[in-house]
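Peer 1: run-v3.txt is reproduced in full below (compact mmCIF, C-alpha atoms and all ligand atoms).
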# COMPACT_ATOMS: atom_id res chain seq x y z
CA MET A 1 68.33 126.00 88.21
CA THR A 2 71.07 123.89 89.79
CA VAL A 3 74.58 123.85 88.32
CA CYS A 4 75.88 120.43 89.27
CA GLU A 5 79.56 120.75 88.52
CA TYR A 6 81.37 121.47 91.75
CA ARG A 7 84.51 123.66 91.54
CA ALA A 8 86.56 123.91 94.73
CA GLY A 9 87.01 127.54 95.72
CA LEU A 10 84.39 128.48 93.06
CA GLU A 11 87.30 128.69 90.61
CA GLY A 12 86.23 130.23 87.34
CA ILE A 13 82.58 130.56 88.39
CA PRO A 14 81.19 134.09 87.89
CA ALA A 15 79.65 135.30 91.16
CA THR A 16 78.44 138.65 89.86
CA GLN A 17 78.46 141.13 86.99
CA SER A 18 80.67 144.10 87.72
CA SER A 19 82.10 147.16 86.00
CA ILE A 20 84.53 148.07 88.78
CA SER A 21 87.76 146.33 87.78
CA PHE A 22 89.14 143.93 85.21
CA VAL A 23 91.96 141.40 85.38
CA ASP A 24 93.55 139.50 82.51
CA GLY A 25 95.66 136.92 84.28
CA GLN A 26 97.38 135.67 81.13
CA ARG A 27 98.53 139.08 79.93
CA GLY A 28 99.06 140.63 83.38
CA ILE A 29 96.49 143.40 82.97
CA LEU A 30 94.65 145.14 85.80
CA GLU A 31 92.26 148.01 85.13
CA TYR A 32 90.09 150.06 87.47
CA ARG A 33 86.96 151.25 85.64
CA GLY A 34 88.86 150.56 82.41
CA ILE A 35 91.99 152.57 83.32
CA PRO A 36 95.24 150.55 83.45
CA ILE A 37 96.74 150.34 86.94
CA GLU A 38 100.12 151.55 85.61
CA GLU A 39 98.52 154.79 84.45
CA LEU A 40 96.72 155.37 87.75
CA ALA A 41 99.92 154.63 89.69
CA GLN A 42 101.69 157.34 87.71
CA LYS A 43 99.01 160.00 87.46
CA SER A 44 96.42 159.58 90.20
CA ASN A 45 96.35 159.43 93.97
CA PHE A 46 94.54 157.17 96.43
CA VAL A 47 91.64 159.51 97.17
CA GLU A 48 90.97 160.19 93.51
CA THR A 49 91.25 156.46 92.71
CA SER A 50 88.78 155.69 95.51
CA HIS A 51 86.36 158.15 93.95
CA LEU A 52 86.83 156.47 90.59
CA LEU A 53 86.15 153.03 92.05
CA ILE A 54 83.25 153.95 94.30
CA TRP A 55 81.44 156.56 92.20
CA GLY A 56 82.39 155.09 88.83
CA LYS A 57 84.19 158.09 87.35
CA LEU A 58 87.20 160.32 87.79
CA PRO A 59 86.09 163.36 89.81
CA THR A 60 86.16 166.91 88.50
CA LYS A 61 88.46 169.29 90.37
CA GLU A 62 85.57 170.48 92.52
CA GLU A 63 84.28 166.97 93.21
CA LEU A 64 87.74 165.84 94.25
CA GLU A 65 88.20 168.82 96.57
CA ASN A 66 84.83 168.13 98.21
CA PHE A 67 85.57 164.43 98.53
CA GLU A 68 88.98 165.11 100.12
CA GLN A 69 87.51 167.70 102.42
CA GLU A 70 84.72 165.42 103.61
CA ILE A 71 87.23 162.65 104.33
CA ARG A 72 89.44 165.10 106.26
CA LEU A 73 86.47 166.18 108.38
CA HIS A 74 85.62 162.62 109.43
CA ARG A 75 89.05 161.25 110.29
CA ARG A 76 88.64 161.51 114.05
CA LEU A 77 87.37 158.58 116.13
CA LYS A 78 84.66 158.82 118.74
CA TYR A 79 86.23 158.79 122.17
CA ARG A 80 84.14 155.74 123.02
CA ILE A 81 85.82 153.80 120.20
CA ARG A 82 89.19 154.83 121.61
CA ASP A 83 88.03 153.75 125.08
CA MET A 84 86.95 150.43 123.67
CA MET A 85 90.39 150.01 122.09
CA LYS A 86 92.05 150.61 125.46
CA CYS A 87 90.52 147.31 126.58
CA PHE A 88 92.09 145.35 123.71
CA PRO A 89 95.11 143.22 124.67
CA GLU A 90 98.36 144.79 123.38
CA GLY A 91 99.41 141.39 122.06
CA GLY A 92 96.30 141.02 119.91
CA HIS A 93 96.66 141.12 116.15
CA PRO A 94 95.90 144.57 114.67
CA MET A 95 93.56 142.96 112.10
CA ASP A 96 91.39 141.66 114.94
CA ALA A 97 91.41 145.12 116.50
CA LEU A 98 90.45 146.66 113.16
CA GLN A 99 87.65 144.20 112.60
CA ALA A 100 86.21 144.93 116.04
CA CYS A 101 86.44 148.71 115.52
CA ALA A 102 84.87 148.58 112.06
CA ALA A 103 81.97 146.54 113.42
CA ALA A 104 81.62 148.92 116.40
CA LEU A 105 80.94 151.84 114.03
CA GLY A 106 77.59 150.18 113.38
CA LEU A 107 76.67 150.82 117.03
CA PHE A 108 77.11 154.55 116.56
CA TYR A 109 75.61 154.92 113.12
CA SER A 110 72.80 152.43 113.41
CA ARG A 111 70.22 154.03 111.12
CA ARG A 112 70.16 151.75 108.11
CA ALA A 113 68.81 153.63 105.10
CA LEU A 114 70.27 151.81 102.15
CA ASP A 115 67.97 153.57 99.70
CA ASP A 116 69.11 157.03 100.84
CA PRO A 117 72.04 158.43 98.80
CA ALA A 118 73.01 160.68 101.72
CA TYR A 119 73.33 157.65 104.02
CA ILE A 120 75.42 155.79 101.44
CA ASN A 121 77.68 158.82 100.94
CA ALA A 122 78.13 159.33 104.69
CA ALA A 123 79.05 155.67 105.19
CA VAL A 124 81.60 155.80 102.35
CA ILE A 125 83.23 158.92 103.76
CA ARG A 126 83.24 157.68 107.34
CA LEU A 127 84.82 154.36 106.48
CA LEU A 128 87.47 155.81 104.17
CA ALA A 129 88.27 158.44 106.79
CA LYS A 130 88.27 156.38 109.97
CA ILE A 131 89.86 153.06 109.03
CA PRO A 132 93.41 154.56 108.85
CA THR A 133 92.84 156.35 112.16
CA MET A 134 91.80 153.07 113.78
CA VAL A 135 94.91 151.26 112.53
CA ALA A 136 97.19 154.05 113.75
CA ALA A 137 95.40 154.41 117.09
CA PHE A 138 95.78 150.72 117.89
CA GLN A 139 99.46 150.86 116.94
CA LEU A 140 100.13 153.70 119.42
CA MET A 141 97.86 152.40 122.15
CA ARG A 142 99.46 148.96 122.21
CA LYS A 143 102.80 150.71 122.83
CA GLY A 144 101.19 152.50 125.76
CA ASN A 145 100.96 155.86 123.97
CA ASP A 146 97.91 158.02 123.40
CA PRO A 147 96.75 158.09 119.79
CA VAL A 148 97.66 161.27 117.95
CA GLN A 149 94.87 163.29 116.39
CA PRO A 150 94.73 163.36 112.60
CA ARG A 151 96.26 166.44 110.95
CA ASP A 152 93.94 168.32 108.61
CA ASP A 153 96.81 169.91 106.71
CA LEU A 154 98.16 166.54 105.58
CA GLY A 155 96.93 164.42 102.67
CA TYR A 156 95.50 160.93 103.13
CA SER A 157 98.73 158.91 103.11
CA ALA A 158 100.90 161.56 104.76
CA ASN A 159 98.38 161.83 107.60
CA PHE A 160 98.27 158.06 107.98
CA LEU A 161 102.08 157.85 108.27
CA TYR A 162 102.03 160.81 110.65
CA MET A 163 99.46 159.09 112.91
CA LEU A 164 101.43 155.83 112.83
CA ASN A 165 104.91 157.20 113.47
CA GLU A 166 104.01 160.37 115.44
CA LYS A 167 106.10 162.50 113.10
CA GLU A 168 105.45 164.21 109.81
CA PRO A 169 106.67 161.95 107.01
CA ASP A 170 109.02 162.79 104.18
CA PRO A 171 106.67 163.68 101.26
CA PHE A 172 108.52 161.10 99.12
CA ALA A 173 107.63 158.33 101.61
CA ALA A 174 104.00 159.51 101.71
CA GLN A 175 103.88 159.49 97.92
CA ILE A 176 105.20 155.91 97.79
CA LEU A 177 102.61 154.77 100.34
CA ASP A 178 99.91 156.52 98.34
CA VAL A 179 100.87 154.51 95.24
CA CYS A 180 100.80 151.30 97.34
CA LEU A 181 97.28 152.16 98.48
CA MET A 182 96.19 152.66 94.86
CA LEU A 183 97.67 149.32 93.84
CA HIS A 184 95.85 147.40 96.58
CA ALA A 185 92.54 149.25 96.34
CA GLU A 186 90.60 146.77 94.22
CA HIS A 187 90.98 143.38 92.60
CA THR A 188 87.70 141.93 91.29
CA ILE A 189 86.08 139.14 93.27
CA ASN A 190 88.86 138.19 95.64
CA ALA A 191 87.99 136.44 98.92
CA SER A 192 87.48 139.54 101.08
CA THR A 193 85.48 141.35 98.40
CA PHE A 194 83.30 138.29 97.93
CA SER A 195 82.82 138.18 101.69
CA ALA A 196 81.80 141.87 101.60
CA MET A 197 79.34 141.18 98.79
CA VAL A 198 77.74 138.20 100.54
CA THR A 199 77.32 140.26 103.70
CA ALA A 200 76.04 143.26 101.71
CA SER A 201 73.48 141.06 99.95
CA THR A 202 71.64 140.55 103.25
CA LEU A 203 71.11 144.35 103.36
CA THR A 204 72.91 144.68 106.65
CA ASP A 205 74.78 147.88 107.47
CA PRO A 206 78.04 148.86 105.70
CA TYR A 207 80.08 148.55 108.91
CA ALA A 208 79.17 144.86 109.16
CA VAL A 209 80.08 144.53 105.47
CA VAL A 210 83.53 145.99 106.07
CA ALA A 211 84.05 144.04 109.30
CA SER A 212 83.40 140.76 107.53
CA ALA A 213 85.77 141.73 104.71
CA VAL A 214 88.51 142.67 107.20
CA GLY A 215 88.17 139.25 108.87
CA THR A 216 88.52 137.55 105.51
CA LEU A 217 91.49 139.63 104.40
CA ALA A 218 93.38 138.62 107.55
CA GLY A 219 94.13 135.05 106.43
CA PRO A 220 97.62 134.02 105.25
CA LEU A 221 96.35 132.89 101.85
CA HIS A 222 94.97 136.40 101.21
CA GLY A 223 96.15 139.71 102.71
CA GLY A 224 98.16 138.05 105.46
CA ALA A 225 100.68 136.73 102.93
CA ASN A 226 102.72 139.96 102.96
CA GLU A 227 103.61 139.40 106.62
CA GLU A 228 104.56 135.80 105.91
CA VAL A 229 106.87 136.92 103.08
CA ILE A 230 109.03 138.85 105.54
CA SER A 231 109.26 135.93 107.99
CA MET A 232 110.15 133.67 105.06
CA LEU A 233 112.93 136.00 103.85
CA GLU A 234 114.27 136.21 107.40
CA GLU A 235 114.19 132.43 107.68
CA ILE A 236 116.06 132.00 104.37
CA GLY A 237 118.57 134.59 105.56
CA SER A 238 121.04 134.59 102.65
CA VAL A 239 121.23 134.27 98.88
CA GLU A 240 123.02 130.87 99.14
CA ASN A 241 120.11 129.40 101.10
CA VAL A 242 117.52 130.32 98.46
CA ARG A 243 117.87 127.34 96.13
CA PRO A 244 117.82 124.69 98.92
CA TYR A 245 114.79 126.47 100.44
CA VAL A 246 112.85 126.34 97.17
CA GLU A 247 113.83 122.71 96.57
CA GLN A 248 112.71 121.79 100.05
CA CYS A 249 109.34 123.55 99.53
CA ILE A 250 108.84 121.70 96.26
CA GLU A 251 109.67 118.39 97.90
CA LYS A 252 107.37 119.02 100.87
CA LYS A 253 104.72 120.58 98.60
CA SER A 254 104.60 123.64 100.85
CA LYS A 255 103.61 127.07 99.58
CA ILE A 256 106.18 129.80 99.01
CA MET A 257 104.59 132.97 100.28
CA GLY A 258 104.07 135.85 97.88
CA PHE A 259 103.92 133.57 94.85
CA GLY A 260 101.04 132.14 92.89
CA HIS A 261 97.65 133.56 92.16
CA ARG A 262 94.25 132.17 91.28
CA VAL A 263 94.00 134.54 88.31
CA TYR A 264 97.51 135.68 87.29
CA LYS A 265 99.63 133.16 85.44
CA VAL A 266 102.37 135.77 84.83
CA LYS A 267 104.02 138.23 87.24
CA ASP A 268 101.33 140.29 88.91
CA PRO A 269 101.41 143.81 87.36
CA ARG A 270 101.21 145.25 90.88
CA ALA A 271 104.33 143.31 91.90
CA ILE A 272 106.19 144.91 88.99
CA ILE A 273 105.25 148.41 90.21
CA LEU A 274 105.92 147.52 93.85
CA GLN A 275 109.39 146.22 93.04
CA ASP A 276 110.11 149.52 91.32
CA LEU A 277 108.82 151.45 94.37
CA ALA A 278 111.00 149.29 96.63
CA GLU A 279 114.03 150.14 94.52
CA GLN A 280 113.21 153.87 94.62
CA LEU A 281 113.00 153.69 98.40
CA PHE A 282 116.25 151.74 98.68
CA GLU A 283 118.00 154.32 96.52
CA LYS A 284 116.92 157.10 98.86
CA TYR A 285 117.06 155.42 102.26
CA GLY A 286 119.45 152.47 101.79
CA VAL A 287 118.81 148.95 100.58
CA ASP A 288 116.89 146.38 102.65
CA GLN A 289 119.15 143.60 103.92
CA PHE A 290 116.81 140.98 102.42
CA TYR A 291 116.34 142.51 98.98
CA ASP A 292 119.06 140.34 97.40
CA VAL A 293 117.43 137.27 98.92
CA ALA A 294 114.05 138.37 97.55
CA VAL A 295 115.39 138.90 94.02
CA GLU A 296 117.18 135.55 94.04
CA LEU A 297 114.10 133.79 95.41
CA GLU A 298 111.98 135.26 92.64
CA ARG A 299 114.54 134.10 90.07
CA VAL A 300 114.66 130.53 91.41
CA VAL A 301 110.88 130.26 91.80
CA HIS A 302 110.43 131.41 88.20
CA GLU A 303 113.00 128.89 87.03
CA LYS A 304 111.42 126.01 88.93
CA MET A 305 107.72 126.90 88.90
CA GLY A 306 107.23 129.34 86.05
CA HIS A 307 105.94 126.49 83.87
CA LYS A 308 103.04 126.12 86.34
CA GLY A 309 102.24 129.83 86.09
CA ILE A 310 103.59 130.59 89.57
CA TYR A 311 105.04 134.08 89.70
CA ALA A 312 105.39 136.86 92.27
CA ASN A 313 102.08 138.33 93.40
CA VAL A 314 101.17 141.68 94.96
CA ASP A 315 102.23 140.54 98.43
CA TYR A 316 105.78 139.70 97.46
CA TYR A 317 107.38 143.14 97.36
CA SER A 318 104.82 145.11 99.37
CA GLY A 319 106.33 143.95 102.68
CA LEU A 320 109.78 145.23 101.73
CA VAL A 321 108.25 148.59 100.78
CA TYR A 322 106.28 148.86 104.03
CA ARG A 323 109.33 147.89 106.08
CA LYS A 324 111.32 150.71 104.53
CA LEU A 325 108.48 153.08 105.36
CA GLY A 326 108.87 152.09 109.02
CA ILE A 327 105.63 150.12 109.19
CA PRO A 328 105.78 147.15 111.59
CA THR A 329 105.26 143.71 110.03
CA ASP A 330 101.95 142.94 111.71
CA LEU A 331 100.52 146.19 110.30
CA PHE A 332 101.11 145.15 106.68
CA THR A 333 97.68 143.53 106.39
CA PRO A 334 95.89 146.42 108.13
CA VAL A 335 97.57 148.75 105.60
CA PHE A 336 96.18 146.49 102.87
CA ALA A 337 92.74 146.97 104.49
CA VAL A 338 93.18 150.77 104.55
CA SER A 339 93.51 150.53 100.80
CA ARG A 340 91.05 147.73 99.95
CA ILE A 341 88.28 149.59 101.78
CA ALA A 342 87.80 151.49 98.50
CA GLY A 343 87.15 148.29 96.54
CA TRP A 344 84.88 146.85 99.24
CA LEU A 345 82.80 150.02 99.26
CA ALA A 346 82.58 150.05 95.47
CA HIS A 347 81.30 146.46 95.51
CA TRP A 348 78.91 147.21 98.39
CA LYS A 349 77.35 150.00 96.31
CA GLU A 350 77.24 147.89 93.18
CA GLN A 351 75.66 145.00 95.11
CA LEU A 352 72.93 147.28 96.46
CA ASN A 353 72.10 148.50 92.97
CA GLU A 354 70.97 145.08 91.80
CA ASN A 355 70.74 143.09 94.96
CA ARG A 356 69.77 139.49 95.31
CA ILE A 357 70.79 137.64 98.46
CA PHE A 358 73.63 135.15 97.91
CA ARG A 359 72.39 131.65 98.49
CA PRO A 360 74.47 129.09 96.56
CA THR A 361 73.72 125.41 96.72
CA GLN A 362 75.83 122.43 97.78
CA ILE A 363 76.44 118.86 96.80
CA TYR A 364 75.51 116.84 99.86
CA THR A 365 78.06 114.11 100.67
CA GLY A 366 76.60 112.88 103.98
CA THR A 367 74.30 109.98 104.84
CA HIS A 368 70.50 109.89 105.11
CA ALA A 369 68.02 108.63 107.70
CA ALA A 370 70.89 107.81 110.06
CA PRO A 371 69.91 106.27 113.41
CA TYR A 372 70.29 108.32 116.59
CA ILE A 373 72.78 106.35 118.69
CA PRO A 374 72.17 106.62 122.41
CA MET A 375 75.10 108.06 124.42
CA SER A 376 75.78 104.73 126.17
CA GLU A 377 76.37 102.98 122.80
CA ARG A 378 78.67 105.49 121.11
N1 LIG B 401 104.25 128.00 96.29
C1 LIG B 401 104.39 126.74 95.83
N2 LIG B 401 103.45 126.14 95.07
C2 LIG B 401 102.38 126.86 94.75
C3 LIG B 401 102.19 128.18 95.20
C4 LIG B 401 103.19 128.74 95.99
N3 LIG B 401 103.08 129.97 96.46
N4 LIG B 401 101.01 128.64 94.74
C5 LIG B 401 100.48 127.65 94.03
N5 LIG B 401 101.31 126.57 94.05
C6 LIG B 401 101.07 125.28 93.38
C7 LIG B 401 100.17 124.40 94.24
O1 LIG B 401 100.93 123.60 95.12
C8 LIG B 401 99.47 123.59 93.19
O2 LIG B 401 100.36 122.63 92.69
P1 LIG B 401 99.82 121.18 92.19
O3 LIG B 401 98.87 121.49 91.06
O4 LIG B 401 101.05 120.48 91.77
O5 LIG B 401 99.14 120.58 93.37
C9 LIG B 401 99.24 124.59 92.06
O6 LIG B 401 100.30 125.53 92.20
C10 LIG B 401 97.91 125.32 92.18
O7 LIG B 401 97.86 125.91 93.46
P2 LIG B 401 96.54 126.19 94.27
O8 LIG B 401 96.87 126.43 95.72
O9 LIG B 401 95.55 125.11 93.96
O10 LIG B 401 96.07 127.52 93.59
P3 LIG B 401 94.93 128.44 94.10
O11 LIG B 401 94.48 129.21 92.93
O12 LIG B 401 93.92 127.69 94.89
O13 LIG B 401 95.68 129.39 95.16
C11 LIG B 401 96.93 131.06 96.15
C12 LIG B 401 96.14 130.64 94.91
C13 LIG B 401 97.26 132.53 96.06
C14 LIG B 401 96.09 130.84 97.41
C15 LIG B 401 98.23 130.22 96.22
O14 LIG B 401 99.02 130.48 95.08
C16 LIG B 401 99.01 130.46 97.48
O15 LIG B 401 98.69 129.86 98.52
N6 LIG B 401 100.06 131.35 97.44
C17 LIG B 401 100.84 131.66 98.60
C18 LIG B 401 100.10 132.67 99.48
C19 LIG B 401 100.06 134.03 98.85
O16 LIG B 401 101.06 134.56 98.38
N7 LIG B 401 98.87 134.64 98.87
C20 LIG B 401 98.63 135.99 98.32
C21 LIG B 401 97.75 135.92 97.12
S1 LIG B 401 97.67 137.40 96.15
C22 LIG B 401 96.96 138.61 97.10
C23 LIG B 401 95.74 138.28 97.87
O17 LIG B 401 94.85 137.56 97.40
O18 LIG B 401 95.65 138.79 98.97
Show me the file's structure as structure tokens.
Ligand code: CMC

Peer 2:
Amino acid sequence: MTVCEYRAGLEGIPATQSSISFVDGQRGILEYRGIPIEELAQKSNFVETSHLLIWGKLPTKEELENFEQEIRLHRRLKYRIRDMMKCFPEGGHPMDALQACAAALGLFYSRRALDDPAYINAAVIRLLAKIPTMVAAFQLMRKGNDPVQPRDDLGYSANFLYMLNEKEPDPFAAQILDVCLMLHAEHTINASTFSAMVTASTLTDPYAVVASAVGTLAGPLHGGANEEVISMLEEIGSVENVRPYVEQCIEKKSKIMGFGHRVYKVKDPRAIILQDLAEQLFEKYGVDQFYDVAVELERVVHEKMGHKGIYANVDYYSGLVYRKLGIPTDLFTPVFAVSRIAGWLAHWKEQLNENRIFRPTQIYTGTHAAPYIPMSER
């Protein structure tokens, strides 16, 4: 069967059947396995939410303890991965470093037994455990420091902040990061998840699946937008400059970062929670100098573009939250990856359950039977 209607960006075209997450872009609803994101953000934590996404159900107390314990046990990196990272240029983007490290795991765990539940479980644990360590190790190594070893007595997010900043975080900060990780963990068939699914459908190893997803997440239209939001707020600089900035963008037809979404036509429910988290952080640690600019920009964009369904998306306030947590701007997208790994793994597993290799078609727009022109005549 060939579907002849071409839709740029596959907009509105179902690419799979999935029970992992649900988005209603008109009503601003996001659910993981049927549970509203607001409820998870209040009551769950990132490790439990990962279990829910990947294994399809909330864990019992014992299952959660085992899951957490297994992740703790696998946080360390092989010294050869650390040695490899030493050869990376310090000026390289951390997403490129992460992609290389994720792919390199496949060299160490090369047995590919996709029909073996133990293999699947080990890959899930390893990836959830090691991706944060990789991000933190690159951050320290590019500053010329040795990476710090993960701390077994700290939870997932607290340990990640500890490895990044070389000091034990305030539990409040760790809790805020944990909620951020839950919010970013999964979002139906977004570009990086689709990339993971296409790669998974070839039955390659899970490390290649994650490496391809990391590469896709890195782009400024996807995960990279949170970095761009901060540069944009810095460029705008003050509340008075907001309106002229928006008017100029409209005139030049340029995108305002952190706004718009293929699916949401209202404010992204994650942006609502993230704005609240930002405000909690500002109350405790002092307000960000660009928060006023951000609020005014959101107001003016809604006024001018709300009729087109352009509202703040998940990337709009996440940067301000991460900045307050002391995370450098170019690590915002790697932090997104630390979280989205849960969704990628859930889709990898789901893809394997009913796999058929992705092989869409195309509408050919070229010529036929064209002559080969000799070099001298071109
Ligand atoms: N600023 C100004 N205009 C916009 C924006 C924006 N941020 N987003 C969409 N539009 C306009 C766009 O110019 C177009 O207008 P017109 O119909 O007059 O030509 C219309 O809205 C539709 O835009 P589109 O680019 O065709 O929509 P899309 O569904 O292909 O793209 C998007 C969605 C997220 C790529 C886009 O909104 C965008 O580039 N936003 C800025 C980057 C960003 O914040 N990305 C993060 C996305 S959410 C998290 C994630 O996926 O990682």

Peer 1: Counting all atoms listed in the file, which residues of stretch 6-102 of chain A fall within 7 Å of stretch 330-351 of chain A, and what is the closest atom pair for each with its distance in Å at one decimal, ordered by chain and rising number, as JSON lines?

Peer 2:
{"residue": "A:Ser50", "atom": "CA", "partner": "A:Ala342", "partner_atom": "CA", "distance": 5.2}
{"residue": "A:Leu53", "atom": "CA", "partner": "A:Ala346", "partner_atom": "CA", "distance": 5.8}
{"residue": "A:Ile54", "atom": "CA", "partner": "A:Ala346", "partner_atom": "CA", "distance": 4.1}
{"residue": "A:Pro94", "atom": "CA", "partner": "A:Leu331", "partner_atom": "CA", "distance": 6.6}
{"residue": "A:Met95", "atom": "CA", "partner": "A:Pro334", "partner_atom": "CA", "distance": 5.8}

Peer 1: With only C-alpha atoms and all ligand atoms as the atoms that count, which of A:His51, A:Arg359, A:Lys304, A:Lys61 lies nearest to ligand LIG 401 (chain B)?

Peer 2: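 Once distances to ligand LIG 401 (chain B) are computed over only C-alpha atoms and all ligand atoms, the minimum belongs to A:Lys304.
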
Peer 1: So that each row is one residue of chain A with an atom at most 6 Å from ligand LIG 401 (chain B), can you give its shortest atom pair and the distance in Å to one decimal, using only C-alpha atoms and all ligand atoms, rows by chain and rising number, as JSON lines?

Peer 2:
{"residue": "A:Leu221", "atom": "CA", "partner": "B:LIG401", "partner_atom": "N7", "distance": 4.3}
{"residue": "A:His222", "atom": "CA", "partner": "B:LIG401", "partner_atom": "O18", "distance": 3.3}
{"residue": "A:Gly223", "atom": "CA", "partner": "B:LIG401", "partner_atom": "O18", "distance": 3.9}
{"residue": "A:Ala225", "atom": "CA", "partner": "B:LIG401", "partner_atom": "N7", "distance": 4.9}
{"residue": "A:Lys253", "atom": "CA", "partner": "B:LIG401", "partner_atom": "O1", "distance": 6.0}
{"residue": "A:Ser254", "atom": "CA", "partner": "B:LIG401", "partner_atom": "C1", "distance": 5.9}
{"residue": "A:Lys255", "atom": "CA", "partner": "B:LIG401", "partner_atom": "N1", "distance": 3.5}
{"residue": "A:Ile256", "atom": "CA", "partner": "B:LIG401", "partner_atom": "N1", "distance": 3.8}
{"residue": "A:Met257", "atom": "CA", "partner": "B:LIG401", "partner_atom": "O16", "distance": 4.3}
{"residue": "A:Gly258", "atom": "CA", "partner": "B:LIG401", "partner_atom": "O16", "distance": 3.3}
{"residue": "A:Phe259", "atom": "CA", "partner": "B:LIG401", "partner_atom": "N3", "distance": 4.0}
{"residue": "A:Gly260", "atom": "CA", "partner": "B:LIG401", "partner_atom": "O14", "distance": 3.4}
{"residue": "A:His261", "atom": "CA", "partner": "B:LIG401", "partner_atom": "C13", "distance": 4.1}
{"residue": "A:Arg262", "atom": "CA", "partner": "B:LIG401", "partner_atom": "O11", "distance": 3.4}
{"residue": "A:Asn313", "atom": "CA", "partner": "B:LIG401", "partner_atom": "S1", "distance": 5.3}
{"residue": "A:Val314", "atom": "CA", "partner": "B:LIG401", "partner_atom": "C22", "distance": 5.6}
{"residue": "A:Asp315", "atom": "CA", "partner": "B:LIG401", "partner_atom": "C22", "distance": 5.8}

Peer 1: Within 9 Å of (84.7, 156.9, 116.4), in the coordinates the file gives, what residues turn up when you count only C-alpha atoms, written out as a PyMOL selection string?

Peer 2: chain A and resi 75-82+101+104-105+108+130+134

Peer 1: Taking into account all atoms listed in the file, which residue in the set A:Ala113, A:Leu233, A:Ile357, A:Leu183 is nearest to A:Ala271?

Peer 2: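 That would be A:Leu183, the residue with the smallest distance to A:Ala271.
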
Peer 1: Pick out the closest residue to A:Thr16 from this set: A:Phe194, A:Leu320, A:Gly326, A:Glu303. Count only C-alpha atoms.

Peer 2: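 Of the candidates, the smallest distance to A:Thr16 is held by A:Phe194.
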
Peer 1: Could you state the separation of atom CA of A:Gln139 and atom CA of A:Tyr322 in Å, given to one decimal place?

Peer 2: 14.7 Å

Peer 1: Between A:Val47, A:Leu325, A:Ala100, A:Ile189, single out the one closest to A:Asn165, counting all atoms listed in the file.

Peer 2: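 Distance minimum relative to A:Asn165 lands on A:Leu325.
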
Peer 1: Would you please work out which residue, of A:Thr133, A:Ser318, A:Ser238, A:Asn66, is nearest to A:Ile273 when using only C-alpha atoms?

Peer 2: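 Of all the options, A:Ser318 lies closest to A:Ile273.
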
Peer 1: Counting all atoms listed in the file, which residues of stretch 218-324 of chain A fall within 10 Å of stretch 22-38 of chain A, and what is the closest atom pair for each with its distance in Å at one decimal, ordered by chain and rising number, as a tab-separated table?

Peer 2:
residue	atom	partner	partner_atom	distance
A:His261	CA	A:Gly25	CA	8.8
A:Arg262	CA	A:Gly25	CA	8.6
A:Val263	CA	A:Gly25	CA	5.0
A:Tyr264	CA	A:Gly25	CA	3.7
A:Lys265	CA	A:Gln26	CA	5.5
A:Val266	CA	A:Gly28	CA	6.1
A:Lys267	CA	A:Gly28	CA	6.7
A:Asp268	CA	A:Gly28	CA	6.0
A:Pro269	CA	A:Gly28	CA	5.6
A:Arg270	CA	A:Ile37	CA	7.8
A:Ile272	CA	A:Glu38	CA	9.6
A:Ile273	CA	A:Glu38	CA	7.6
A:Gly309	CA	A:Gln26	CA	9.1

Peer 1: Report, in Å to a single decimal, how far apart atom CA of A:Ser44 and atom CA of A:Asn159 are.

Peer 2: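 Separation of atom CA of A:Asn159 and atom CA of A:Ser44: 17.7 Å.
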
Peer 1: Select, from A:Leu164, A:Ala191, A:Ala41, A:Leu98, the residue with the minimum atom-to-atom distance to A:Met85, counting all atoms listed in the file.

Peer 2: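 Among the listed residues, the smallest separation from A:Met85 belongs to A:Leu98.
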
Peer 1: Hey, can you check how far atom CA of A:Leu128 sits from atom CA of A:Gly155?

Peer 2: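 Atom CA of A:Leu128 sits 12.9 Å away from atom CA of A:Gly155.
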
Peer 1: Counting all atoms listed in the file, find residues at most 12 Å from (118.4, 137.3, 108.9) (file frame) and give them as a VMD selection string.

Peer 2: chain A and resid 230 to 239 241 288 to 293

Peer 1: Please dump the current selection as an mmCIF file, keeping the file's coordinate frame; keep C-alpha atoms.

Peer 2:
data_model
loop_
_atom_site.group_PDB
_atom_site.id
_atom_site.type_symbol
_atom_site.label_atom_id
_atom_site.label_comp_id
_atom_site.auth_asym_id
_atom_site.auth_seq_id
_atom_site.Cartn_x
_atom_site.Cartn_y
_atom_site.Cartn_z
ATOM 1 C CA ILE A 230 109.030 138.850 105.540
ATOM 2 C CA SER A 231 109.260 135.930 107.990
ATOM 3 C CA MET A 232 110.150 133.670 105.060
ATOM 4 C CA LEU A 233 112.930 136.000 103.850
ATOM 5 C CA GLU A 234 114.270 136.210 107.400
ATOM 6 C CA GLU A 235 114.190 132.430 107.680
ATOM 7 C CA ILE A 236 116.060 132.000 104.370
ATOM 8 C CA GLY A 237 118.570 134.590 105.560
ATOM 9 C CA SER A 238 121.040 134.590 102.650
ATOM 10 C CA VAL A 239 121.230 134.270 98.880
ATOM 11 C CA ASN A 241 120.110 129.400 101.100
ATOM 12 C CA ASP A 288 116.890 146.380 102.650
ATOM 13 C CA GLN A 289 119.150 143.600 103.920
ATOM 14 C CA PHE A 290 116.810 140.980 102.420
ATOM 15 C CA TYR A 291 116.340 142.510 98.980
ATOM 16 C CA ASP A 292 119.060 140.340 97.400
ATOM 17 C CA VAL A 293 117.430 137.270 98.920
#

Peer 1: Tell me, as JSON, numbers by chain, which residues lie within 8 Å of A:Leu203, counting only C-alpha atoms; anything in the same chain fewer than 2 positions away does not count.

Peer 2: {"A": [114, 199, 200, 201, 205, 352]}
